[in-house]
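This is model_3.txt (compact mmCIF, N, CA and C atoms).
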# COMPACT_ATOMS: atom_id res chain seq x y z
N MET A 706 77.90 233.06 124.61
CA MET A 706 78.92 232.70 123.65
C MET A 706 79.70 233.96 123.28
N ASN A 707 81.00 233.88 123.36
CA ASN A 707 81.85 235.04 123.09
C ASN A 707 81.87 235.38 121.61
N LYS A 708 82.28 236.61 121.31
CA LYS A 708 82.32 237.05 119.91
C LYS A 708 83.30 236.23 119.09
N HIS A 709 84.41 235.81 119.69
CA HIS A 709 85.40 235.05 118.93
C HIS A 709 84.92 233.62 118.65
N GLN A 710 83.79 233.22 119.23
CA GLN A 710 83.23 231.89 119.00
C GLN A 710 82.10 231.91 117.96
N ARG A 711 81.80 233.07 117.40
CA ARG A 711 80.71 233.19 116.44
C ARG A 711 81.22 233.37 115.03
N ILE A 712 80.47 232.85 114.10
CA ILE A 712 80.74 233.07 112.68
C ILE A 712 79.62 233.94 112.16
N LYS A 713 79.96 235.13 111.67
CA LYS A 713 78.96 236.08 111.20
C LYS A 713 79.11 236.43 109.73
N ASP A 714 80.34 236.39 109.25
CA ASP A 714 80.65 236.87 107.91
C ASP A 714 80.14 235.92 106.84
N ASN A 715 79.48 236.45 105.82
CA ASN A 715 78.93 235.65 104.74
C ASN A 715 80.02 234.86 104.01
N LYS A 716 81.19 235.45 103.84
CA LYS A 716 82.29 234.76 103.16
C LYS A 716 82.71 233.52 103.94
N GLU A 717 82.75 233.63 105.27
CA GLU A 717 83.10 232.47 106.10
C GLU A 717 82.02 231.38 105.98
N PHE A 718 80.75 231.78 105.97
CA PHE A 718 79.66 230.82 105.79
C PHE A 718 79.83 230.08 104.48
N GLN A 719 80.06 230.82 103.40
CA GLN A 719 80.20 230.21 102.08
C GLN A 719 81.41 229.28 102.02
N HIS A 720 82.51 229.68 102.66
CA HIS A 720 83.72 228.85 102.68
C HIS A 720 83.44 227.52 103.40
N ILE A 721 82.73 227.58 104.53
CA ILE A 721 82.43 226.36 105.29
C ILE A 721 81.44 225.49 104.52
N PHE A 722 80.47 226.12 103.83
CA PHE A 722 79.53 225.34 103.01
C PHE A 722 80.27 224.58 101.91
N LYS A 723 81.25 225.23 101.28
CA LYS A 723 81.96 224.61 100.16
C LYS A 723 82.98 223.58 100.62
N LYS A 724 83.75 223.88 101.65
CA LYS A 724 84.86 223.02 102.06
C LYS A 724 84.48 222.01 103.14
N GLY A 725 83.45 222.32 103.93
CA GLY A 725 83.09 221.45 105.05
C GLY A 725 82.24 220.27 104.63
N THR A 726 82.02 219.38 105.58
CA THR A 726 81.15 218.23 105.34
C THR A 726 79.87 218.41 106.14
N SER A 727 78.76 217.91 105.60
CA SER A 727 77.47 218.11 106.26
C SER A 727 76.96 216.80 106.85
N TYR A 728 76.26 216.94 107.95
CA TYR A 728 75.62 215.83 108.65
C TYR A 728 74.26 216.33 109.08
N ALA A 729 73.28 215.42 109.11
CA ALA A 729 71.92 215.89 109.38
C ALA A 729 71.11 214.85 110.13
N ASN A 730 70.11 215.35 110.85
CA ASN A 730 69.02 214.53 111.35
C ASN A 730 67.74 215.29 111.04
N ARG A 731 66.63 214.93 111.64
CA ARG A 731 65.36 215.56 111.28
C ARG A 731 65.30 217.05 111.64
N GLN A 732 65.98 217.45 112.72
CA GLN A 732 65.85 218.82 113.19
C GLN A 732 66.97 219.76 112.76
N PHE A 733 68.18 219.23 112.53
CA PHE A 733 69.32 220.10 112.27
C PHE A 733 70.21 219.55 111.15
N VAL A 734 70.86 220.48 110.45
CA VAL A 734 71.94 220.16 109.53
C VAL A 734 73.18 220.84 110.10
N VAL A 735 74.27 220.09 110.18
CA VAL A 735 75.51 220.64 110.73
C VAL A 735 76.61 220.52 109.68
N TYR A 736 77.24 221.64 109.36
CA TYR A 736 78.42 221.66 108.50
C TYR A 736 79.64 221.78 109.41
N VAL A 737 80.63 220.93 109.19
CA VAL A 737 81.83 220.92 110.03
C VAL A 737 83.05 221.13 109.15
N LEU A 738 83.89 222.08 109.55
CA LEU A 738 85.17 222.31 108.88
C LEU A 738 86.24 222.36 109.97
N PRO A 739 87.11 221.35 110.03
CA PRO A 739 88.16 221.35 111.07
C PRO A 739 89.04 222.59 110.97
N SER A 740 89.51 223.05 112.13
CA SER A 740 90.37 224.23 112.16
C SER A 740 91.56 223.97 113.07
N GLU A 741 92.57 224.83 112.97
CA GLU A 741 93.77 224.69 113.77
C GLU A 741 93.64 225.40 115.12
N GLU A 742 92.53 226.10 115.32
CA GLU A 742 92.35 226.86 116.55
C GLU A 742 92.08 225.93 117.73
N THR A 743 92.17 226.48 118.93
CA THR A 743 91.98 225.68 120.13
C THR A 743 90.53 225.70 120.62
N HIS A 744 89.67 226.44 119.94
CA HIS A 744 88.27 226.51 120.35
C HIS A 744 87.38 226.34 119.12
N PHE A 745 86.11 226.09 119.36
CA PHE A 745 85.18 225.95 118.25
C PHE A 745 84.55 227.30 117.92
N ARG A 746 84.02 227.41 116.70
CA ARG A 746 83.28 228.59 116.28
C ARG A 746 81.96 228.12 115.68
N VAL A 747 80.89 228.86 115.95
CA VAL A 747 79.56 228.43 115.53
C VAL A 747 78.87 229.54 114.76
N GLY A 748 78.27 229.16 113.64
CA GLY A 748 77.39 230.05 112.88
C GLY A 748 76.00 229.44 112.87
N LEU A 749 74.98 230.26 113.03
CA LEU A 749 73.61 229.76 113.10
C LEU A 749 72.80 230.28 111.93
N SER A 750 71.91 229.44 111.43
CA SER A 750 71.00 229.83 110.38
C SER A 750 69.63 229.24 110.70
N VAL A 751 68.67 230.13 110.94
CA VAL A 751 67.30 229.71 111.22
C VAL A 751 66.39 230.48 110.27
N SER A 752 65.79 229.76 109.35
CA SER A 752 64.97 230.36 108.30
C SER A 752 63.64 230.88 108.84
N LYS A 753 63.03 231.79 108.09
CA LYS A 753 61.71 232.28 108.46
C LYS A 753 60.65 231.19 108.39
N LYS A 754 60.96 230.12 107.68
CA LYS A 754 60.02 228.99 107.60
C LYS A 754 59.87 228.30 108.95
N VAL A 755 60.87 228.46 109.83
CA VAL A 755 60.83 227.82 111.14
C VAL A 755 59.75 228.45 112.02
N GLY A 756 59.52 229.73 111.88
CA GLY A 756 58.50 230.39 112.69
C GLY A 756 58.72 231.88 112.74
N ASN A 757 57.99 232.53 113.64
CA ASN A 757 58.13 233.98 113.78
C ASN A 757 59.43 234.32 114.52
N ALA A 758 59.69 235.59 114.73
CA ALA A 758 60.96 236.03 115.31
C ALA A 758 61.17 235.45 116.71
N VAL A 759 60.12 235.36 117.48
CA VAL A 759 60.23 234.83 118.84
C VAL A 759 60.70 233.37 118.79
N THR A 760 60.09 232.60 117.92
CA THR A 760 60.44 231.18 117.78
C THR A 760 61.86 231.02 117.28
N ARG A 761 62.24 231.78 116.26
CA ARG A 761 63.59 231.68 115.71
C ARG A 761 64.65 232.05 116.74
N ASN A 762 64.40 233.10 117.50
CA ASN A 762 65.36 233.51 118.53
C ASN A 762 65.46 232.47 119.63
N ARG A 763 64.35 231.82 119.99
CA ARG A 763 64.38 230.78 121.01
C ARG A 763 65.22 229.59 120.52
N VAL A 764 65.03 229.20 119.27
CA VAL A 764 65.82 228.09 118.71
C VAL A 764 67.31 228.43 118.74
N LYS A 765 67.67 229.65 118.34
CA LYS A 765 69.07 230.06 118.35
C LYS A 765 69.63 230.09 119.77
N ARG A 766 68.84 230.55 120.71
CA ARG A 766 69.27 230.60 122.11
C ARG A 766 69.52 229.18 122.64
N TYR A 767 68.64 228.24 122.31
CA TYR A 767 68.82 226.84 122.73
C TYR A 767 70.08 226.25 122.13
N ILE A 768 70.36 226.54 120.86
CA ILE A 768 71.56 226.01 120.21
C ILE A 768 72.82 226.57 120.88
N ARG A 769 72.83 227.89 121.12
CA ARG A 769 74.00 228.51 121.77
C ARG A 769 74.23 227.92 123.15
N GLN A 770 73.16 227.76 123.93
CA GLN A 770 73.29 227.21 125.28
C GLN A 770 73.79 225.77 125.24
N THR A 771 73.32 225.01 124.28
CA THR A 771 73.79 223.63 124.13
C THR A 771 75.28 223.59 123.86
N PHE A 772 75.77 224.45 122.97
CA PHE A 772 77.20 224.47 122.68
C PHE A 772 78.01 224.94 123.89
N LEU A 773 77.48 225.84 124.68
CA LEU A 773 78.18 226.26 125.88
C LEU A 773 78.29 225.10 126.87
N GLU A 774 77.24 224.31 126.98
CA GLU A 774 77.27 223.18 127.90
C GLU A 774 78.17 222.05 127.39
N LEU A 775 78.31 221.93 126.08
CA LEU A 775 79.11 220.85 125.50
C LEU A 775 80.52 221.30 125.10
N LYS A 776 80.93 222.49 125.51
CA LYS A 776 82.18 223.07 125.01
C LYS A 776 83.40 222.20 125.27
N ASP A 777 83.42 221.45 126.37
CA ASP A 777 84.58 220.61 126.66
C ASP A 777 84.55 219.28 125.89
N ASP A 778 83.39 218.92 125.36
CA ASP A 778 83.23 217.63 124.69
C ASP A 778 83.21 217.73 123.17
N VAL A 779 83.21 218.96 122.64
CA VAL A 779 83.15 219.16 121.19
C VAL A 779 84.53 219.52 120.68
N GLN A 780 84.93 218.88 119.58
CA GLN A 780 86.25 219.14 119.01
C GLN A 780 86.33 220.56 118.46
N PRO A 781 87.52 221.19 118.52
CA PRO A 781 87.69 222.51 117.94
C PRO A 781 87.52 222.46 116.43
N ALA A 782 86.55 223.18 115.92
CA ALA A 782 86.27 223.23 114.49
C ALA A 782 85.33 224.39 114.23
N ASN A 783 85.05 224.65 112.97
CA ASN A 783 84.04 225.63 112.59
C ASN A 783 82.76 224.87 112.28
N TYR A 784 81.66 225.31 112.91
CA TYR A 784 80.37 224.65 112.75
C TYR A 784 79.35 225.64 112.22
N ILE A 785 78.53 225.19 111.30
CA ILE A 785 77.34 225.95 110.92
C ILE A 785 76.16 225.05 111.22
N ILE A 786 75.24 225.56 111.99
CA ILE A 786 74.04 224.82 112.38
C ILE A 786 72.86 225.43 111.64
N ILE A 787 72.16 224.61 110.87
CA ILE A 787 70.96 225.05 110.18
C ILE A 787 69.78 224.35 110.83
N ALA A 788 68.85 225.13 111.35
CA ALA A 788 67.67 224.56 112.00
C ALA A 788 66.60 224.28 110.96
N ARG A 789 66.07 223.07 111.00
CA ARG A 789 64.96 222.71 110.12
C ARG A 789 63.64 223.01 110.83
N ILE A 790 62.54 222.95 110.11
CA ILE A 790 61.23 223.33 110.63
C ILE A 790 60.85 222.58 111.91
N PRO A 791 61.11 221.26 112.03
CA PRO A 791 60.72 220.57 113.27
C PRO A 791 61.45 221.07 114.53
N ALA A 792 62.55 221.81 114.38
CA ALA A 792 63.28 222.33 115.54
C ALA A 792 62.45 223.34 116.33
N ALA A 793 61.45 223.93 115.70
CA ALA A 793 60.62 224.93 116.37
C ALA A 793 59.78 224.33 117.49
N THR A 794 59.50 223.04 117.43
CA THR A 794 58.63 222.42 118.42
C THR A 794 59.39 221.83 119.60
N LEU A 795 60.72 221.87 119.56
CA LEU A 795 61.52 221.24 120.60
C LEU A 795 61.72 222.15 121.80
N ASP A 796 61.76 221.55 123.00
CA ASP A 796 62.18 222.32 124.17
C ASP A 796 63.70 222.21 124.27
N PHE A 797 64.29 222.80 125.31
CA PHE A 797 65.75 222.85 125.40
C PHE A 797 66.37 221.46 125.46
N HIS A 798 65.82 220.58 126.30
CA HIS A 798 66.41 219.25 126.48
C HIS A 798 66.34 218.42 125.20
N GLU A 799 65.24 218.55 124.47
CA GLU A 799 65.12 217.85 123.19
C GLU A 799 66.10 218.42 122.16
N THR A 800 66.28 219.74 122.17
CA THR A 800 67.24 220.38 121.27
C THR A 800 68.65 219.89 121.56
N LYS A 801 69.00 219.84 122.83
CA LYS A 801 70.33 219.37 123.22
C LYS A 801 70.55 217.92 122.79
N LYS A 802 69.55 217.09 123.02
CA LYS A 802 69.66 215.68 122.65
C LYS A 802 69.82 215.51 121.13
N SER A 803 69.06 216.30 120.38
CA SER A 803 69.12 216.22 118.93
C SER A 803 70.48 216.71 118.41
N LEU A 804 71.00 217.79 118.97
CA LEU A 804 72.32 218.29 118.56
C LEU A 804 73.42 217.30 118.94
N GLU A 805 73.32 216.71 120.13
CA GLU A 805 74.30 215.69 120.51
C GLU A 805 74.29 214.54 119.51
N HIS A 806 73.09 214.14 119.08
CA HIS A 806 72.95 213.05 118.12
C HIS A 806 73.66 213.38 116.80
N VAL A 807 73.38 214.55 116.24
CA VAL A 807 73.98 214.90 114.95
C VAL A 807 75.49 215.13 115.08
N LEU A 808 75.96 215.62 116.23
CA LEU A 808 77.39 215.78 116.44
C LEU A 808 78.09 214.44 116.61
N LYS A 809 77.39 213.46 117.19
CA LYS A 809 77.95 212.10 117.26
C LYS A 809 78.06 211.49 115.87
N ILE A 810 77.07 211.74 115.03
CA ILE A 810 77.12 211.27 113.64
C ILE A 810 78.34 211.86 112.94
N ALA A 811 78.61 213.14 113.22
CA ALA A 811 79.76 213.83 112.61
C ALA A 811 81.10 213.43 113.24
N LYS A 812 81.04 212.66 114.32
CA LYS A 812 82.23 212.20 115.05
C LYS A 812 83.07 213.36 115.58
N VAL A 813 82.41 214.41 116.05
CA VAL A 813 83.11 215.54 116.66
C VAL A 813 82.72 215.72 118.12
N TYR A 814 81.81 214.87 118.61
CA TYR A 814 81.34 214.95 119.99
C TYR A 814 81.78 213.71 120.75
N ARG A 815 82.58 213.91 121.78
CA ARG A 815 83.02 212.83 122.64
C ARG A 815 82.71 213.21 124.08
N PRO A 816 81.64 212.66 124.64
CA PRO A 816 81.29 213.04 126.00
C PRO A 816 82.35 212.58 127.00
N SER A 817 82.75 213.50 127.85
CA SER A 817 83.68 213.12 128.91
C SER A 817 82.89 212.37 129.96
N GLY A 818 83.52 211.50 130.68
CA GLY A 818 82.82 210.64 131.63
C GLY A 818 82.41 211.32 132.92
N LYS A 819 81.93 212.54 132.84
CA LYS A 819 81.51 213.27 134.03
C LYS A 819 80.20 212.71 134.56
N MET A 820 80.11 212.64 135.86
CA MET A 820 78.86 212.22 136.49
C MET A 820 77.87 213.36 136.47
N LYS A 821 76.64 213.05 136.12
CA LYS A 821 75.60 214.08 136.12
C LYS A 821 75.09 214.30 137.54
N LYS A 822 74.85 215.54 137.90
CA LYS A 822 74.30 215.85 139.21
C LYS A 822 72.82 215.54 139.21
N ARG A 823 72.37 215.03 140.34
CA ARG A 823 70.94 214.72 140.46
C ARG A 823 70.25 215.72 141.31

Structure translated into structure tokens:
Amino acid sequence: MNKHQRIKDNKEFQHIFKKGTSYANRQFVVYVLPSEETHFRVGLSVSKKVGNAVTRNRVKRYIRQTFLELKDDVQPANYIIIARIPAATLDFHETKKSLEHVLKIAKVYRPSGKMKKR
């Protein structure tokens, strides 16, 4: 994920928390704030309650990879993803499925009709 696709600044996090809308499932909470830009931006928050550093970094890596794979199907907006404790037990495919679910709830994910390779 490129630097221009990341949200790092605390002020930006607070702005998205206040102005954005939140959607959740058991594993993730997603805050969405529409933007005028042509690409999406993602901020990640994984608490120490989720696990040790190795576990937290794995969860963040899975989230980043999921967004890279879904980049053409996700609307341009600012997203903050908060991982809940059950996210620590998921593998990559389960993480992707869970994020797709919460993004569909938020109505910002529209899968293009691409055929999956077998």

Margin query: Using Å and a single decimal, report how far atom N of A:Ala792 sits from atom C of A:Phe733.
Written below: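 Separating atom C of A:Phe733 from atom N of A:Ala792 is a distance of 8.6 Å.
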
Next item on the list: Mind checking which residues fall within 8 Å of A:Arg815, counting only N, CA and C atoms, ignoring those fewer than 3 positions away in the same chain, and posting them as a PyMOL selection string?
Entry: chain A and resi 777-780+808-809+812+818

Margin query: For stretch 759-774 of chain A, find every residue with an atom within 7 Å (counting only N, CA and C atoms), except residues of its own chain fewer than 5 positions away, and show them as a VMD selection string.
Written below: chain A and resid 706 749 751 to 752 792 to 793 797 800 to 801

With N, CA and C atoms retained, write the just-selected residues as an mmCIF file, in the frame of the given file.
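selection.cif written:
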data_model
loop_
_atom_site.group_PDB
_atom_site.id
_atom_site.type_symbol
_atom_site.label_atom_id
_atom_site.label_comp_id
_atom_site.auth_asym_id
_atom_site.auth_seq_id
_atom_site.Cartn_x
_atom_site.Cartn_y
_atom_site.Cartn_z
ATOM 1 N N MET A 706 77.900 233.060 124.610
ATOM 2 C CA MET A 706 78.920 232.700 123.650
ATOM 3 C C MET A 706 79.700 233.960 123.280
ATOM 4 N N LEU A 749 74.980 230.260 113.030
ATOM 5 C CA LEU A 749 73.610 229.760 113.100
ATOM 6 C C LEU A 749 72.800 230.280 111.930
ATOM 7 N N VAL A 751 68.670 230.130 110.940
ATOM 8 C CA VAL A 751 67.300 229.710 111.220
ATOM 9 C C VAL A 751 66.390 230.480 110.270
ATOM 10 N N SER A 752 65.790 229.760 109.350
ATOM 11 C CA SER A 752 64.970 230.360 108.300
ATOM 12 C C SER A 752 63.640 230.880 108.840
ATOM 13 N N ALA A 792 62.550 221.810 114.380
ATOM 14 C CA ALA A 792 63.280 222.330 115.540
ATOM 15 C C ALA A 792 62.450 223.340 116.330
ATOM 16 N N ALA A 793 61.450 223.930 115.700
ATOM 17 C CA ALA A 793 60.620 224.930 116.370
ATOM 18 C C ALA A 793 59.780 224.330 117.490
ATOM 19 N N PHE A 797 64.290 222.800 125.310
ATOM 20 C CA PHE A 797 65.750 222.850 125.400
ATOM 21 C C PHE A 797 66.370 221.460 125.460
ATOM 22 N N THR A 800 66.280 219.740 122.170
ATOM 23 C CA THR A 800 67.240 220.380 121.270
ATOM 24 C C THR A 800 68.650 219.890 121.560
ATOM 25 N N LYS A 801 69.000 219.840 122.830
ATOM 26 C CA LYS A 801 70.330 219.370 123.220
ATOM 27 C C LYS A 801 70.550 217.920 122.790
#

Next item on the list: List every residue of stretch 753-814 of chain A that DSSP, applied to the backbone of this structure, places in strand (DSSP E or B), and write the result as a ChimeraX atom specification.
Entry: /A:779,782-788,814

Note to self: I'd like the interatomic distance between atom C of A:Lys713 and atom C of A:Val747, to a tenth of an Å.
What the structure shows: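 These atoms are spaced 8.5 Å apart.
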
Please, what is the axis-aligned box for every listed atom of stretch 790-806 of chain A with 8 Å on each side, as centre and edge lengths in Å to one decimal, as JSON?
{"center_x": 66.5, "center_y": 219.0, "center_z": 118.3, "size_x": 31.7, "size_y": 27.9, "size_z": 32.4}

Item checked: Best match for closeness to A:Phe718 among A:Ile786, A:His744, A:Pro816, A:Lys753, counting only C-alpha atoms ->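 Of all the options, A:Ile786 lies closest to A:Phe718.
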
Notebook entry, point to check: Between A:Gln732, A:Ser750, A:Ser817, A:Asn757, which is the closest to A:Pro791 once you count only N, CA and C atoms?
Noted result: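 Checking each of A:Gln732, A:Ser750, A:Ser817, A:Asn757 against A:Pro791, counting only N, CA and C atoms, the winner is A:Gln732.
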
Next item on the list: Provide the atom CA of A:Lys724 to atom CA of A:His806 distance in Å, to one decimal place.
Entry: 22.3 Å

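Within 10 Å of A:Glu742, once only C-alpha atoms are used and residues closer than 4 positions along the same chain are dropped, the contacting residues are Arg746, Pro781, Ala782 and Asn783 of chain A.
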
Notebook entry, point to check: Per DSSP on the backbone, what are the helix (DSSP H, G or I) residues of stretch 706-821 of chain A, as number ranges by chain?
Noted result: A: 708-710, 715-724, 753-755, 758-774, 790-794, 797-810

Item checked: Top pick for closest residue to A:Ser740, considering A:Tyr784, A:Ile712, A:Ile790, A:Lys776 and counting only C-alpha atoms -> A:Tyr784
